[in-house]
>>> print(open('run04.cif').read())   # mmCIF, C-alpha atoms
data_query
#
loop_
_atom_site.label_atom_id
_atom_site.label_comp_id
_atom_site.auth_asym_id
_atom_site.auth_seq_id
_atom_site.Cartn_x
_atom_site.Cartn_y
_atom_site.Cartn_z
CA MET T 1 -52.51 34.24 -2.61
CA ILE T 2 -49.66 34.16 -0.13
CA SER T 3 -50.65 34.24 3.51
CA LYS T 4 -48.32 33.44 6.37
CA ILE T 5 -51.10 33.95 8.88
CA VAL T 6 -51.93 30.86 10.92
CA PRO T 7 -55.07 30.60 13.04
CA SER T 8 -53.62 29.89 16.48
CA PRO T 9 -50.40 29.61 18.49
CA GLU T 10 -50.90 25.84 18.39
CA ALA T 11 -50.93 25.89 14.59
CA ALA T 12 -47.88 28.17 14.63
CA LEU T 13 -45.86 25.61 16.63
CA ALA T 14 -47.00 22.56 14.65
CA GLY T 15 -44.24 20.17 13.64
CA VAL T 16 -41.41 21.34 15.92
CA PRO T 17 -39.26 18.20 16.34
CA ASP T 18 -37.43 17.07 19.45
CA GLY T 19 -33.86 18.33 19.58
CA SER T 20 -34.61 21.62 17.78
CA THR T 21 -32.60 24.77 18.36
CA ILE T 22 -35.08 27.56 19.10
CA MET T 23 -34.32 31.26 19.47
CA ILE T 24 -36.76 33.08 21.70
CA GLY T 25 -36.95 36.87 21.50
CA GLY T 26 -37.35 39.22 24.41
CA PHE T 27 -35.26 41.06 26.96
CA GLY T 28 -36.89 40.29 30.29
CA GLY T 29 -40.61 40.68 29.64
CA ALA T 30 -40.29 43.20 26.79
CA GLY T 31 -40.71 41.38 23.49
CA GLN T 32 -41.16 37.96 25.10
CA PRO T 33 -43.53 35.89 22.90
CA ALA T 34 -45.46 34.48 25.85
CA GLN T 35 -48.29 32.87 23.86
CA LEU T 36 -45.84 31.09 21.54
CA ILE T 37 -43.83 29.76 24.49
CA ASP T 38 -47.03 28.46 26.10
CA ALA T 39 -47.90 26.78 22.79
CA LEU T 40 -44.42 25.23 22.64
CA ILE T 41 -44.95 23.82 26.13
CA ASP T 42 -48.27 22.32 25.00
CA GLN T 43 -46.76 21.06 21.73
CA GLY T 44 -44.40 18.80 23.62
CA ALA T 45 -41.03 18.97 21.81
CA ARG T 46 -38.18 17.90 24.10
CA ASP T 47 -34.40 18.01 24.30
CA LEU T 48 -34.41 21.59 23.04
CA VAL T 49 -31.54 24.04 22.71
CA ILE T 50 -32.82 27.51 23.58
CA VAL T 51 -31.20 30.84 22.68
CA ASN T 52 -32.42 33.81 24.71
CA ASN T 53 -30.79 36.75 26.46
CA ASN T 54 -31.90 35.44 29.85
CA ALA T 55 -32.89 32.08 31.31
CA GLY T 56 -36.44 32.77 32.38
CA ASN T 57 -38.08 34.95 35.00
CA GLY T 58 -40.52 33.84 37.66
CA GLU T 59 -42.50 30.71 36.85
CA THR T 60 -44.07 31.58 33.49
CA GLY T 61 -42.90 31.78 29.87
CA LEU T 62 -39.36 30.49 29.35
CA ALA T 63 -39.11 29.58 33.05
CA ALA T 64 -42.13 27.30 32.65
CA LEU T 65 -40.54 25.61 29.60
CA LEU T 66 -37.40 25.00 31.66
CA LYS T 67 -39.42 23.76 34.61
CA ALA T 68 -41.14 21.23 32.34
CA ARG T 69 -37.59 19.85 31.71
CA ARG T 70 -37.83 20.29 28.00
CA VAL T 71 -34.58 22.19 27.56
CA ARG T 72 -31.25 20.39 27.35
CA ARG T 73 -29.07 23.42 26.82
CA ILE T 74 -29.46 27.18 27.03
CA ILE T 75 -27.30 29.74 25.25
CA CYS T 76 -27.66 33.13 26.91
CA SER T 77 -25.83 36.11 28.37
CA PHE T 78 -27.55 36.85 31.66
CA PRO T 79 -29.12 33.81 33.34
CA ARG T 80 -28.78 34.85 36.98
CA GLN T 81 -31.44 37.27 38.11
CA ALA T 82 -33.45 37.91 41.25
CA ASP T 83 -36.30 35.75 39.90
CA SER T 84 -34.39 33.08 37.93
CA GLN T 85 -35.03 30.40 40.55
CA VAL T 86 -36.17 27.76 38.03
CA PHE T 87 -32.96 28.00 36.00
CA ASP T 88 -30.81 28.29 39.13
CA ALA T 89 -32.15 25.01 40.55
CA LEU T 90 -31.76 23.11 37.25
CA TYR T 91 -28.23 24.46 36.77
CA ARG T 92 -27.13 23.59 40.29
CA SER T 93 -28.48 20.04 39.95
CA GLY T 94 -26.73 19.62 36.60
CA GLU T 95 -30.00 19.19 34.70
CA ILE T 96 -29.31 21.93 32.16
CA GLU T 97 -26.23 22.92 30.16
CA LEU T 98 -25.29 26.59 30.04
CA GLU T 99 -23.32 28.32 27.29
CA LEU T 100 -22.67 31.81 28.62
CA VAL T 101 -21.98 34.39 25.91
CA PRO T 102 -21.24 38.11 26.22
CA GLN T 103 -24.42 39.85 25.14
CA GLY T 104 -22.91 41.62 22.15
CA ASN T 105 -21.31 38.38 20.96
CA LEU T 106 -24.67 36.64 21.32
CA SER T 107 -26.33 39.36 19.29
CA GLU T 108 -23.58 39.47 16.67
CA ARG T 109 -23.41 35.67 16.33
CA ILE T 110 -27.14 35.70 15.56
CA ARG T 111 -26.66 38.57 13.10
CA ALA T 112 -23.72 36.76 11.48
CA ALA T 113 -25.86 33.67 10.90
CA ALA T 114 -28.57 35.86 9.40
CA ALA T 115 -26.07 37.54 7.08
CA GLY T 116 -24.16 34.44 5.97
CA ILE T 117 -20.94 35.39 7.76
CA GLY T 118 -18.64 32.40 8.36
CA ALA T 119 -17.13 33.70 11.61
CA PHE T 120 -15.86 37.00 12.97
CA PHE T 121 -13.12 38.38 15.20
CA THR T 122 -14.16 40.65 18.08
CA PRO T 123 -12.27 42.20 21.01
CA THR T 124 -15.18 41.46 23.36
CA GLY T 125 -14.19 38.78 25.84
CA TYR T 126 -10.51 38.74 24.90
CA GLY T 127 -8.38 37.74 27.88
CA THR T 128 -11.39 36.52 29.90
CA LEU T 129 -12.80 33.16 30.99
CA LEU T 130 -15.41 33.36 28.23
CA ALA T 131 -12.71 33.25 25.55
CA GLU T 132 -10.88 30.24 26.98
CA GLY T 133 -10.04 27.69 24.29
CA LYS T 134 -11.07 30.01 21.48
CA GLU T 135 -8.87 31.05 18.57
CA THR T 136 -7.44 34.56 19.00
CA ARG T 137 -5.59 37.00 16.80
CA MET T 138 -3.89 40.37 17.24
CA ILE T 139 -5.47 42.89 14.85
CA ASP T 140 -4.13 46.45 14.83
CA GLY T 141 -2.35 45.73 18.10
CA ARG T 142 -5.49 44.58 19.86
CA GLY T 143 -6.47 41.07 20.93
CA HIS T 144 -9.52 39.58 19.19
CA VAL T 145 -11.49 36.36 19.70
CA LEU T 146 -12.93 34.24 16.88
CA GLU T 147 -16.68 33.74 17.25
CA TYR T 148 -18.95 31.57 15.11
CA PRO T 149 -22.49 32.26 13.94
CA LEU T 150 -25.51 31.03 15.83
CA ARG T 151 -28.30 29.56 13.70
CA ALA T 152 -31.63 28.15 14.72
CA ASP T 153 -34.30 25.85 13.41
CA TYR T 154 -36.99 28.17 14.78
CA ALA T 155 -37.29 31.69 16.12
CA LEU T 156 -40.22 32.65 18.32
CA ILE T 157 -40.60 36.42 18.39
CA LYS T 158 -43.12 39.08 19.32
CA ALA T 159 -43.96 42.09 17.17
CA LEU T 160 -46.71 44.68 17.30
CA ARG T 161 -48.27 44.29 13.88
CA ALA T 162 -47.93 42.22 10.71
CA ASP T 163 -49.46 41.86 7.26
CA ARG T 164 -50.10 38.57 5.46
CA TRP T 165 -46.69 38.67 3.79
CA GLY T 166 -45.04 38.64 7.21
CA ASN T 167 -43.78 42.23 7.25
CA LEU T 168 -43.40 43.31 10.88
CA VAL T 169 -43.26 46.41 13.02
CA TYR T 170 -42.44 46.33 16.71
CA ARG T 171 -43.25 48.34 19.81
CA LYS T 172 -40.61 50.32 21.75
CA THR T 173 -37.86 48.25 23.40
CA GLY T 174 -39.86 45.08 22.69
CA ARG T 175 -38.02 45.04 19.35
CA ASN T 176 -34.71 43.84 20.88
CA PHE T 177 -33.71 40.43 19.41
CA GLY T 178 -36.75 40.01 17.12
CA PRO T 179 -35.34 41.25 13.80
CA THR T 180 -32.03 39.36 13.97
CA MET T 181 -33.48 36.14 15.40
CA ALA T 182 -36.12 36.07 12.66
CA ALA T 183 -33.38 36.32 10.04
CA ALA T 184 -31.16 33.68 11.68
CA ALA T 185 -33.79 30.94 11.89
CA ALA T 186 -34.99 28.55 9.21
CA CYS T 187 -38.55 29.10 10.41
CA ALA T 188 -39.42 32.38 12.15
CA ILE T 189 -42.74 32.52 13.94
CA ALA T 190 -44.09 35.91 15.04
CA GLN T 191 -46.90 36.57 17.45
CA VAL T 192 -48.44 40.01 16.89
CA ARG T 193 -51.17 42.08 18.44
CA ASP T 194 -52.95 42.49 15.12
CA VAL T 195 -52.73 41.77 11.42
CA VAL T 196 -53.42 44.57 8.95
CA GLU T 197 -54.09 44.63 5.21
CA LEU T 198 -51.17 44.66 2.79
CA GLY T 199 -50.15 48.26 2.23
CA GLU T 200 -51.22 49.48 5.65
CA LEU T 201 -47.68 49.15 7.04
CA ASP T 202 -45.64 52.10 5.80
CA PRO T 203 -42.84 50.58 3.66
CA GLU T 204 -40.48 53.23 5.08
CA VAL T 205 -40.92 51.91 8.62
CA ILE T 206 -41.22 48.14 8.19
CA VAL T 207 -38.49 46.78 10.48
CA THR T 208 -38.55 43.10 9.53
CA PRO T 209 -39.35 42.44 5.87
CA GLY T 210 -41.51 39.38 5.30
CA ILE T 211 -38.70 37.39 3.65
CA TYR T 212 -37.48 36.56 7.17
CA VAL T 213 -40.85 35.45 8.52
CA GLN T 214 -42.60 32.14 7.87
CA ARG T 215 -45.58 32.13 10.23
CA VAL T 216 -47.62 34.87 11.89
CA VAL T 217 -50.28 34.53 14.53
CA ALA T 218 -52.44 37.33 15.90
CA VAL T 219 -53.00 37.05 19.63
CA GLY T 220 -54.83 40.33 20.26
CA SER T 221 -54.08 42.79 23.01
CA ALA T 222 -52.64 40.01 25.20
CA ALA T 223 -49.52 40.49 23.06
CA MET X 1 -18.61 60.91 50.01
CA ASN X 2 -21.94 59.10 49.84
CA ARG X 3 -23.39 57.35 46.79
CA ASP X 4 -25.28 60.40 45.55
CA GLN X 5 -22.26 62.66 45.97
CA LEU X 6 -20.18 60.15 44.03
CA ALA X 7 -22.82 60.05 41.29
CA ALA X 8 -22.80 63.85 41.15
CA ARG X 9 -18.99 63.84 40.90
CA VAL X 10 -19.12 61.50 37.90
CA ALA X 11 -21.94 63.50 36.31
CA ARG X 12 -19.86 66.69 36.54
CA ASP X 13 -17.33 65.18 34.10
CA ILE X 14 -19.87 64.22 31.43
CA PRO X 15 -19.89 66.95 28.77
CA GLU X 16 -22.69 68.40 26.68
CA GLY X 17 -23.49 66.20 23.69
CA ALA X 18 -21.95 63.01 25.07
CA TYR X 19 -23.44 59.62 24.20
CA VAL X 20 -23.33 57.70 27.47
CA ASN X 21 -24.20 54.24 28.75
CA LEU X 22 -24.73 53.87 32.49
CA GLY X 23 -24.26 50.35 33.83
CA ILE X 24 -26.67 48.55 36.12
CA GLY X 25 -26.48 49.36 39.84
CA LEU X 26 -24.50 52.28 41.24
CA PRO X 27 -23.87 53.95 37.83
CA THR X 28 -27.63 54.25 37.27
CA LEU X 29 -27.61 56.96 39.97
CA VAL X 30 -25.53 59.22 37.71
CA ALA X 31 -28.66 59.91 35.62
CA ASN X 32 -30.23 61.74 38.55
CA HIS X 33 -27.29 64.16 38.74
CA LEU X 34 -26.64 65.11 35.11
CA PRO X 35 -26.57 68.91 34.87
CA LYS X 36 -29.96 70.12 33.61
CA ASP X 37 -28.33 72.67 31.30
CA ARG X 38 -26.53 69.99 29.26
CA GLU X 39 -28.04 67.81 26.56
CA ILE X 40 -26.61 64.32 27.17
CA PHE X 41 -27.80 61.22 25.30
CA LEU X 42 -28.29 58.15 27.47
CA HIS X 43 -28.05 54.79 25.68
CA SER X 44 -29.60 51.60 27.01
CA GLU X 45 -28.26 48.32 25.62
CA ASN X 46 -31.68 46.77 25.09
CA GLY X 47 -32.31 49.26 22.29
CA LEU X 48 -32.91 52.91 23.02
CA LEU X 49 -31.10 56.20 22.80
CA GLY X 50 -32.43 59.28 24.54
CA MET X 51 -33.53 57.45 27.66
CA GLY X 52 -35.51 59.58 30.08
CA PRO X 53 -36.29 59.20 33.79
CA ALA X 54 -38.62 56.69 35.39
CA PRO X 55 -42.29 57.27 34.51
CA GLU X 56 -44.89 58.60 36.92
CA PRO X 57 -46.53 55.81 38.94
CA GLY X 58 -49.26 54.23 36.82
CA ALA X 59 -47.62 55.32 33.55
CA GLU X 60 -45.21 52.36 33.32
CA ASP X 61 -45.08 50.60 29.93
CA PRO X 62 -43.83 46.98 29.94
CA ASP X 63 -42.43 47.53 26.42
CA LEU X 64 -40.31 50.50 27.57
CA ILE X 65 -37.61 49.31 29.95
CA ASN X 66 -33.89 49.82 30.50
CA ALA X 67 -31.01 47.34 30.74
CA GLY X 68 -31.91 46.71 34.39
CA LYS X 69 -35.45 45.86 33.20
CA GLN X 70 -36.89 48.84 35.08
CA PRO X 71 -39.58 51.02 33.45
CA VAL X 72 -38.18 54.19 31.86
CA THR X 73 -39.33 56.90 29.44
CA LEU X 74 -38.07 58.13 26.07
CA LEU X 75 -37.11 61.76 25.66
CA THR X 76 -38.44 63.75 22.72
CA GLY X 77 -36.01 62.97 19.89
CA GLY X 78 -35.15 59.54 21.28
CA ALA X 79 -35.04 56.39 19.15
CA TYR X 80 -35.62 52.64 19.38
CA PHE X 81 -33.50 50.07 17.53
CA HIS X 82 -32.86 46.34 17.61
CA HIS X 83 -30.24 44.57 19.68
CA ALA X 84 -27.63 44.11 16.95
CA ASP X 85 -27.74 47.84 16.19
CA SER X 86 -27.56 48.65 19.87
CA PHE X 87 -24.48 46.49 20.38
CA ALA X 88 -22.90 47.88 17.20
CA MET X 89 -23.13 51.28 18.91
CA MET X 90 -21.40 49.85 21.96
CA ARG X 91 -18.81 47.68 20.22
CA GLY X 92 -18.10 50.00 17.32
CA GLY X 93 -16.71 52.83 19.42
CA HIS X 94 -19.72 55.12 19.07
CA LEU X 95 -20.38 55.72 22.76
CA ASP X 96 -18.28 58.49 24.27
CA ILE X 97 -18.45 57.22 27.84
CA CYS X 98 -19.69 54.22 29.73
CA VAL X 99 -19.86 54.14 33.50
CA LEU X 100 -19.54 50.71 35.09
CA GLY X 101 -19.48 49.30 38.58
CA ALA X 102 -16.62 47.01 39.58
CA PHE X 103 -15.39 44.42 42.06
CA GLN X 104 -11.79 45.32 41.25
CA VAL X 105 -9.71 47.48 38.91
CA SER X 106 -5.98 46.90 38.42
CA VAL X 107 -3.29 49.56 38.04
CA GLN X 108 -3.12 48.85 34.32
CA GLY X 109 -6.88 49.26 33.94
CA ASP X 110 -8.00 45.63 33.94
CA LEU X 111 -11.63 45.42 35.01
CA ALA X 112 -13.35 42.68 37.02
CA ASN X 113 -17.07 43.23 37.45
CA TRP X 114 -19.07 40.25 36.21
CA HIS X 115 -18.28 37.16 38.25
CA THR X 116 -16.86 36.44 41.67
CA GLY X 117 -15.50 33.12 40.43
CA ALA X 118 -16.90 31.37 43.48
CA PRO X 119 -17.55 27.68 42.67
CA ASP X 120 -21.27 27.87 43.49
CA ALA X 121 -21.86 31.23 41.78
CA ILE X 122 -24.03 31.21 38.66
CA PRO X 123 -22.23 33.46 36.19
CA ALA X 124 -24.02 36.18 34.19
CA VAL X 125 -22.22 38.65 31.96
CA GLY X 126 -24.74 40.65 29.94
CA GLY X 127 -23.23 43.59 28.06
CA ALA X 128 -20.36 44.30 30.46
CA MET X 129 -17.60 42.91 28.23
CA ASP X 130 -18.94 44.79 25.20
CA LEU X 131 -19.00 48.11 27.03
CA ALA X 132 -15.57 47.50 28.54
CA VAL X 133 -13.89 47.14 25.15
CA GLY X 134 -16.23 49.23 23.02
CA ALA X 135 -16.82 52.60 24.68
CA ARG X 136 -14.29 55.35 23.91
CA GLN X 137 -13.84 56.04 27.61
CA VAL X 138 -14.61 53.59 30.39
CA PHE X 139 -15.30 55.14 33.78
CA VAL X 140 -15.52 52.87 36.79
CA MET X 141 -17.57 53.99 39.74
CA MET X 142 -17.23 52.06 42.99
CA GLU X 143 -16.50 52.15 46.70
CA HIS X 144 -12.77 52.51 47.24
CA LEU X 145 -12.72 49.69 49.79
CA THR X 146 -14.60 46.42 50.23
CA LYS X 147 -16.87 45.97 53.23
CA THR X 148 -13.93 44.32 54.99
CA GLY X 149 -11.61 47.24 54.26
CA GLU X 150 -9.54 45.89 51.37
CA SER X 151 -8.72 48.11 48.43
CA LYS X 152 -10.70 47.40 45.25
CA ILE X 153 -7.85 49.00 43.33
CA VAL X 154 -5.24 46.28 43.01
CA GLN X 155 -1.94 45.37 41.38
CA ARG X 156 -3.60 42.41 39.69
CA CYS X 157 -7.29 41.43 39.76
CA SER X 158 -8.06 38.25 41.69
CA TYR X 159 -11.61 38.07 40.29
CA PRO X 160 -12.21 36.91 36.68
CA LEU X 161 -11.63 39.72 34.21
CA THR X 162 -14.30 41.55 32.23
CA GLY X 163 -11.74 43.28 30.02
CA VAL X 164 -7.98 43.78 29.78
CA ALA X 165 -6.52 47.31 30.17
CA CYS X 166 -9.89 48.86 29.34
CA VAL X 167 -10.55 51.29 32.22
CA ASP X 168 -9.67 54.97 31.71
CA ARG X 169 -10.76 56.50 34.98
CA ILE X 170 -11.82 55.35 38.45
CA TYR X 171 -14.27 57.31 40.61
CA THR X 172 -14.51 56.23 44.23
CA ASP X 173 -15.87 57.70 47.42
CA LEU X 174 -12.32 58.84 48.21
CA ALA X 175 -10.67 59.91 44.95
CA VAL X 176 -10.70 60.15 41.16
CA LEU X 177 -7.82 58.30 39.48
CA GLN X 178 -6.76 58.28 35.83
CA VAL X 179 -5.21 55.13 34.39
CA THR X 180 -2.03 56.17 32.55
CA PRO X 181 0.88 54.19 31.08
CA GLU X 182 2.97 55.41 34.04
CA GLY X 183 0.40 54.27 36.62
CA LEU X 184 -2.63 55.64 38.43
CA ARG X 185 -2.65 59.44 38.50
CA ILE X 186 -4.70 61.21 41.18
CA LEU X 187 -7.09 63.71 39.55
CA ASP X 188 -9.11 64.57 42.62
CA MET X 189 -9.42 63.65 46.29
CA ILE X 190 -12.00 64.30 48.98
CA ASP X 191 -11.21 67.15 51.34
CA GLY X 192 -9.29 66.23 54.45
CA LEU X 193 -7.69 63.09 53.03
CA GLY X 194 -3.91 63.21 52.74
CA LEU X 195 -1.94 61.69 49.88
CA ALA X 196 -0.14 59.33 52.25
CA GLU X 197 -3.42 58.13 53.76
CA LEU X 198 -4.95 57.59 50.30
CA ALA X 199 -1.87 55.64 49.18
CA ARG X 200 -1.96 53.54 52.35
CA LEU X 201 -5.66 52.67 51.90
CA THR X 202 -5.19 51.93 48.19
CA GLY X 203 -2.12 49.76 48.58
CA VAL X 204 -0.69 50.42 45.12
CA PRO X 205 1.58 53.26 43.96
CA LEU X 206 -0.24 56.48 43.07
CA LEU X 207 1.07 59.41 41.06
CA PRO X 208 0.37 62.75 42.74
CA LEU X 209 -2.18 65.32 41.68
CA LEU X 210 -0.81 67.51 38.91
CA ALA X 211 -0.98 71.25 39.35
CA PRO X 212 -3.93 72.65 37.39
CA ILE X 213 -2.97 73.85 33.91
CA HIS X 214 -3.80 77.51 33.28
#
>>> encode(input="run04.cif", output="structure tokens")
Amino acid sequence: MISKIVPSPEAALAGVPDGSTIMIGGFGGAGQPAQLIDALIDQGARDLVIVNNNAGNGETGLAALLKARRVRRIICSFPRQADSQVFDALYRSGEIELELVPQGNLSERIRAAAAGIGAFFTPTGYGTLLAEGKETRMIDGRGHVLEYPLRADYALIKALRADRWGNLVYRKTGRNFGPTMAAAAACAIAQVRDVVELGELDPEVIVTPGIYVQRVVAVGSAA
Amino acid sequence: MNRDQLAARVARDIPEGAYVNLGIGLPTLVANHLPKDREIFLHSENGLLGMGPAPEPGAEDPDLINAGKQPVTLLTGGAYFHHADSFAMMRGGHLDICVLGAFQVSVQGDLANWHTGAPDAIPAVGGAMDLAVGARQVFVMMEHLTKTGESKIVQRCSYPLTGVACVDRIYTDLAVLQVTPEGLRILDMIDGLGLAELARLTGVPLLPLLAPIH
């Protein structure tokens, strides 16, 4: 009997090696897999490359992972915020590398990896600092920039509910990067509020089919 | 014209049925001034269409936020979707209008709104470049002048660009200007401001207001 359910966040993060590339879902707090990030901090992997829309808020979650100096490089679109003090300090002291990506390019690079696309041309960023050094092409009279897919070893995401096959549904705007990150990672780990029996998720509304999900952990209403 | 009057001026030009993205900051105010008798669909980049106003105090839901990460509501008929779908809406030309703030706009419609370029500034771009190239019409909404009195409408942007020749219309506290191949055309001006004074403050050539077409 197939079951992707693991008993704890610790079990979900078992075996993550140093140097891994890890996508972390969430847009601000919505969809942030807080329990999985805490488990990653406890697990101890270092020299990580993190992909997230932001670069941590306050002192918890991703900010705490950064503060523990476990992240070598972050790939994100919007690091600077009112409460991004942990990232700001590491960046200013040269202790973290930043790859800044327009948000739609970040999202599409993740989707491209998930879909097996080799690279794509997009007008976003053309003629700006963020396209410097990149291959460009005029298509239908408009400048485009060549962008490459973004893959990961792991994706840590948050959904509302799962079944043992790893089918997922989300809650409101907490969905954000979850579905594409799950599909772009070799091992997608989802924390969910609760796990239901097979068949209880309406097949018409399953957002992430279980093929994209390798491990699921229920964390209760804290999720 | 104060910030709310400017927001109301922008809102007046948003038609019934439009799919609209309002940028973070000043453009967010436009939502408060949309005419109540029009159905207008507000899109938020993090993954919702049919965004409603802020919830009542105590009714905030941490899973229901806007691009500025503030709590919002969903109107009846609204929808949630993931980030790649949301950016496909923005990048694929499906939004009728986006309204963005700006540091500078050039006469040919170049936009600078994401980075001051200062050596110690930490850059952050978010969805600005996607909206700039992806929306069918890009409206910029900003103060006409900087705090030190320089025009934010310039011959050539000195700040790093967000997009090249992407702005269609500029709404400021002094005037509404349309970007055209011939130059910036005045569509509207505040009462009591003369053309010569507007041109002097702006510092770039302006094409005069056209007579209304009947």
>>> residues_around(input="run04.cif", residues="Val207 (chain T)", least_positions_apart="5", cutoff="8 Å", atoms="all atoms listed in the file", output="number ranges by chain")
T: 167-170, 179
>>> residues_around(input="run04.cif", residues="Gly203 (chain X)", least_positions_apart="3", cutoff="10 Å", atoms="only C-alpha atoms", output="PDB file with C-alpha atoms, in the frame of the given file")
ATOM      1  CA  GLU X 150      -9.540  45.890  51.370  1.00  0.00           C
ATOM      2  CA  SER X 151      -8.720  48.110  48.430  1.00  0.00           C
ATOM      3  CA  LYS X 152     -10.700  47.400  45.250  1.00  0.00           C
ATOM      4  CA  ILE X 153      -7.850  49.000  43.330  1.00  0.00           C
ATOM      5  CA  VAL X 154      -5.240  46.280  43.010  1.00  0.00           C
ATOM      6  CA  GLN X 155      -1.940  45.370  41.380  1.00  0.00           C
ATOM      7  CA  GLU X 197      -3.420  58.130  53.760  1.00  0.00           C
ATOM      8  CA  LEU X 198      -4.950  57.590  50.300  1.00  0.00           C
ATOM      9  CA  ALA X 199      -1.870  55.640  49.180  1.00  0.00           C
ATOM     10  CA  ARG X 200      -1.960  53.540  52.350  1.00  0.00           C
ATOM     11  CA  LEU X 206      -0.240  56.480  43.070  1.00  0.00           C
TER      12      LEU X 206
END
>>> interface_residues(input="run04.cif", of="chain X", to="chain T", cutoff="9 Å", atoms="only C-alpha atoms", output="PyMOL selection string")
chain X and resi 46-48+62-67+69+79-84+86-88+90-91+120+122-134+160-164
>>> atom_distance(input="run04.cif", atom1="CA of Ala159 (chain T)", atom2="CA of Gly116 (chain T)")
24.0 Å
>>> resolve_selection(input="run04.cif", expression="the PyMOL selection byres ((chain X and resi 40) around 10)", output="list in words")
Ile14, Pro15, Glu16, Gly17, Ala18, Tyr19, Val20, Ala31, Leu34, Pro35, Lys36, Asp37, Arg38, Glu39, Phe41, Leu42, His43, Gly50 and Met51 of chain X
>>> atom_distance(input="run04.cif", atom1="CA of Gly194 (chain X)", atom2="CA of Asp173 (chain X)")
14.2 Å
>>> resolve_selection(input="run04.cif", expression="the PyMOL selection byres ((chain X and resi 32) around 12)", output="list in words")
Arg3, Asp4, Gln5, Leu6, Ala7, Ala8, Arg9, Val10, Ala11, Arg12, Leu22, Leu26, Pro27, Thr28, Leu29, Val30, Ala31, His33, Leu34, Pro35, Lys36, Leu42, Gly52, Pro53 and Ala54 of chain X
>>> write_last_selection(input="run04.cif", atoms="C-alpha atoms", output="PDB file, in the frame of the given file")
ATOM      1  CA  ARG X   3     -23.390  57.350  46.790  1.00  0.00           C
ATOM      2  CA  ASP X   4     -25.280  60.400  45.550  1.00  0.00           C
ATOM      3  CA  GLN X   5     -22.260  62.660  45.970  1.00  0.00           C
ATOM      4  CA  LEU X   6     -20.180  60.150  44.030  1.00  0.00           C
ATOM      5  CA  ALA X   7     -22.820  60.050  41.290  1.00  0.00           C
ATOM      6  CA  ALA X   8     -22.800  63.850  41.150  1.00  0.00           C
ATOM      7  CA  ARG X   9     -18.990  63.840  40.900  1.00  0.00           C
ATOM      8  CA  VAL X  10     -19.120  61.500  37.900  1.00  0.00           C
ATOM      9  CA  ALA X  11     -21.940  63.500  36.310  1.00  0.00           C
ATOM     10  CA  ARG X  12     -19.860  66.690  36.540  1.00  0.00           C
ATOM     11  CA  LEU X  22     -24.730  53.870  32.490  1.00  0.00           C
ATOM     12  CA  LEU X  26     -24.500  52.280  41.240  1.00  0.00           C
ATOM     13  CA  PRO X  27     -23.870  53.950  37.830  1.00  0.00           C
ATOM     14  CA  THR X  28     -27.630  54.250  37.270  1.00  0.00           C
ATOM     15  CA  LEU X  29     -27.610  56.960  39.970  1.00  0.00           C
ATOM     16  CA  VAL X  30     -25.530  59.220  37.710  1.00  0.00           C
ATOM     17  CA  ALA X  31     -28.660  59.910  35.620  1.00  0.00           C
ATOM     18  CA  HIS X  33     -27.290  64.160  38.740  1.00  0.00           C
ATOM     19  CA  LEU X  34     -26.640  65.110  35.110  1.00  0.00           C
ATOM     20  CA  PRO X  35     -26.570  68.910  34.870  1.00  0.00           C
ATOM     21  CA  LYS X  36     -29.960  70.120  33.610  1.00  0.00           C
ATOM     22  CA  LEU X  42     -28.290  58.150  27.470  1.00  0.00           C
ATOM     23  CA  GLY X  52     -35.510  59.580  30.080  1.00  0.00           C
ATOM     24  CA  PRO X  53     -36.290  59.200  33.790  1.00  0.00           C
ATOM     25  CA  ALA X  54     -38.620  56.690  35.390  1.00  0.00           C
TER      26      ALA X  54
END
>>> resolve_selection(input="run04.cif", expression="the PyMOL selection byres ((chain X and resi 171) around 10)", output="MDAnalysis selection string")
chainID X and resid 6:7 9:10 99 101 139:144 169:170 172:178 187:189
>>> closest_residue(input="run04.cif", among="T:Ile24, T:Glu135, T:Ala34, T:Ser3", to="Ala162 (chain T)", atoms="all atoms listed in the file")
T:Ser3
>>> residues_around(input="run04.cif", residues="Val49 (chain T)", least_positions_apart="4", cutoff="8 Å", atoms="all atoms listed in the file", output="list in words")
Gly19, Ser20, Thr21, Ile22, Val71, Arg72, Arg73, Ile74 and Ile75 of chain T
>>> atom_distance(input="run04.cif", atom1="CA of Ala184 (chain T)", atom2="CA of Leu150 (chain T)")
7.5 Å
>>> residues_around(input="run04.cif", residues="Glu56 (chain X)", least_positions_apart="5", cutoff="12 Å", atoms="only C-alpha atoms", output="ChimeraX atom specification")
/X:61,71-73
>>> decode(input="run04.cif", residues="region 173-187 of chain X", atoms="C-alpha atoms", output="mmCIF file, in the first residue's frame")
data_model
loop_
_atom_site.group_PDB
_atom_site.id
_atom_site.type_symbol
_atom_site.label_atom_id
_atom_site.label_comp_id
_atom_site.auth_asym_id
_atom_site.auth_seq_id
_atom_site.Cartn_x
_atom_site.Cartn_y
_atom_site.Cartn_z
ATOM 1 C CA ASP X 173 -1.152 65.685 -9.010
ATOM 2 C CA LEU X 174 -0.890 68.299 -11.774
ATOM 3 C CA ALA X 175 -1.875 66.646 -15.060
ATOM 4 C CA VAL X 176 -2.743 63.541 -17.060
ATOM 5 C CA LEU X 177 -0.340 62.851 -19.945
ATOM 6 C CA GLN X 178 -0.586 60.275 -22.722
ATOM 7 C CA VAL X 179 2.620 58.781 -24.115
ATOM 8 C CA THR X 180 2.410 59.001 -27.924
ATOM 9 C CA PRO X 181 4.967 58.456 -30.693
ATOM 10 C CA GLU X 182 5.030 62.256 -31.124
ATOM 11 C CA GLY X 183 5.661 62.902 -27.420
ATOM 12 C CA LEU X 184 3.682 63.477 -24.250
ATOM 13 C CA ARG X 185 0.164 64.720 -24.972
ATOM 14 C CA ILE X 186 -1.717 66.591 -22.235
ATOM 15 C CA LEU X 187 -5.103 64.937 -21.618
#
